[in-house]
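Visitor: Take this structure first; my questions come after.
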Amino acid sequence: MEFWEKTIRIRIDEALCASCTSYACVEACERYGREIIMRGPDGRVHLVGDAEETARRGTECLACEYECRMRGRGALSIEVPIEGLDDYRERHGLQAG
Ligand code: SF4
């Protein structure tokens with residue numbers, strides 16, 4: 001699954017989640033964020049609201065990614081697009097990340 005907060009994109013590889021028992025991402029969102037994700041009755045991670053509500057309520061705290069790496073299966077990744085970064089890298093001879 002994939003969703004956006006205001007400026008960041010969150011991707012979750014649900015195939016990796018299938019063997020996860022911690023649901024550390026959900027716990028982190030409850031503790032540090034605004035509970036935009038939850039564990040559904042089917043045992044999968046779901047958004048609490050629709051895409052618009054998620055983008056509005058998300059705090060971009062990044063806790064879900066950290067906790068998934070530490071206690072989950074490394075299934076969750078966050079992309080933070082920065083306008084002009086590719087041009088900057090090119091001008092300074094840096095490789096894209
Ligand atoms: S902690 Fe990571 S692996 Fe576990 S359910 Fe959440 S996103 Fe999936």
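As shown in the structure tokens, the chain order sets the letters A, B, ...; within each chain, residues go from 1, and ligands are also counted from 1 in the order they appear.
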Residues near range 9-15 of chain A, anyone? I mean within 12 Å using only C-alpha atoms, not counting same-chain ones fewer than 2 positions away, as a ChimeraX atom specification.
Guide: /A:1-7,17-20,23,25,36-37,43-47,51,54-55,58,60-65,68-69,72-82
Visitor: As a PyMOL selection string, which residues of chain A does DSSP assign to helix (DSSP H, G or I)?
Guide: chain A and resi 14-17+24-32+51-57+63-71+85-91
Visitor: Emit the selected residues as a short mmCIF file (atom, residue, chain, number, x, y, z; two decimals), in the first residue's frame, including C-alpha atoms.
Guide:
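Okay, this is what ended up in selection.cif:
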```cif
data_model
loop_
_atom_site.label_atom_id
_atom_site.label_comp_id
_atom_site.auth_asym_id
_atom_site.auth_seq_id
_atom_site.Cartn_x
_atom_site.Cartn_y
_atom_site.Cartn_z
CA GLU A 14 2.42 -5.92 2.67
CA ALA A 15 4.14 -9.16 1.71
CA LEU A 16 6.72 -8.46 4.43
CA CYS A 17 3.99 -7.51 6.91
CA ALA A 24 5.20 -1.60 15.66
CA CYS A 25 4.13 0.92 13.00
CA VAL A 26 0.62 1.12 14.40
CA GLU A 27 1.88 1.38 17.96
CA ALA A 28 4.28 4.18 16.93
CA CYS A 29 1.49 6.04 15.17
CA GLU A 30 -0.69 5.82 18.28
CA ARG A 31 2.15 6.96 20.53
CA TYR A 32 3.92 9.62 18.46
CA ALA A 51 -6.57 9.69 1.68
CA GLU A 52 -7.63 13.31 2.19
CA GLU A 53 -8.04 12.91 5.94
CA THR A 54 -4.71 11.08 6.17
CA ALA A 55 -2.91 13.90 4.38
CA ARG A 56 -4.56 16.45 6.64
CA ARG A 57 -4.02 14.67 9.96
CA ALA A 63 8.13 7.16 13.84
CA CYS A 64 6.43 4.36 11.89
CA GLU A 65 9.46 3.87 9.64
CA TYR A 66 11.90 3.81 12.54
CA GLU A 67 9.83 1.37 14.58
CA CYS A 68 9.20 -0.90 11.59
CA ARG A 69 12.96 -1.12 11.04
CA MET A 70 13.67 -1.75 14.72
CA ARG A 71 10.80 -4.08 15.64
CA LEU A 85 17.41 18.24 -5.16
CA ASP A 86 18.19 16.40 -8.40
CA ASP A 87 19.37 19.62 -10.03
CA TYR A 88 21.50 20.44 -6.99
CA ARG A 89 23.12 17.03 -7.06
CA GLU A 90 23.82 17.29 -10.74
CA ARG A 91 25.41 20.74 -10.37
#
```
Visitor: Please, what distance in Å, to one decimal, runs between CA of Arg39 in chain A and atom 1 (S, counted along the ligand's line) of ligand 1?
Guide: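 If I compute the distance from CA of Arg39 in chain A to atom 1 (S, counted along the ligand's line) of ligand 1, I get 10.3 Å.
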Visitor: Run DSSP on the backbone and tell me which residues of range 33-71 of chain A come out as strand (DSSP E or B); list them as a list in words.
Guide: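 Answer for range 33-71 of chain A, restricted to strand (DSSP E or B): Ile37, Met38, Arg39, Val45, His46 and Leu47 of chain A.
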Visitor: Could you check which of A:Ile8, A:Gly84, A:Gln95, A:Val48 is closest to Arg34 in chain A, using only C-alpha atoms?
Guide: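 Once distances to Arg34 in chain A are computed over only C-alpha atoms, the minimum belongs to A:Val48.
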Visitor: Pick out the closest residue to ligand 1 from this set: A:Glu83, A:Gly33, A:Gly40, A:Gly93. Count only C-alpha atoms and all ligand atoms.
Guide: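 Of all the options, A:Gly40 lies closest to ligand 1.
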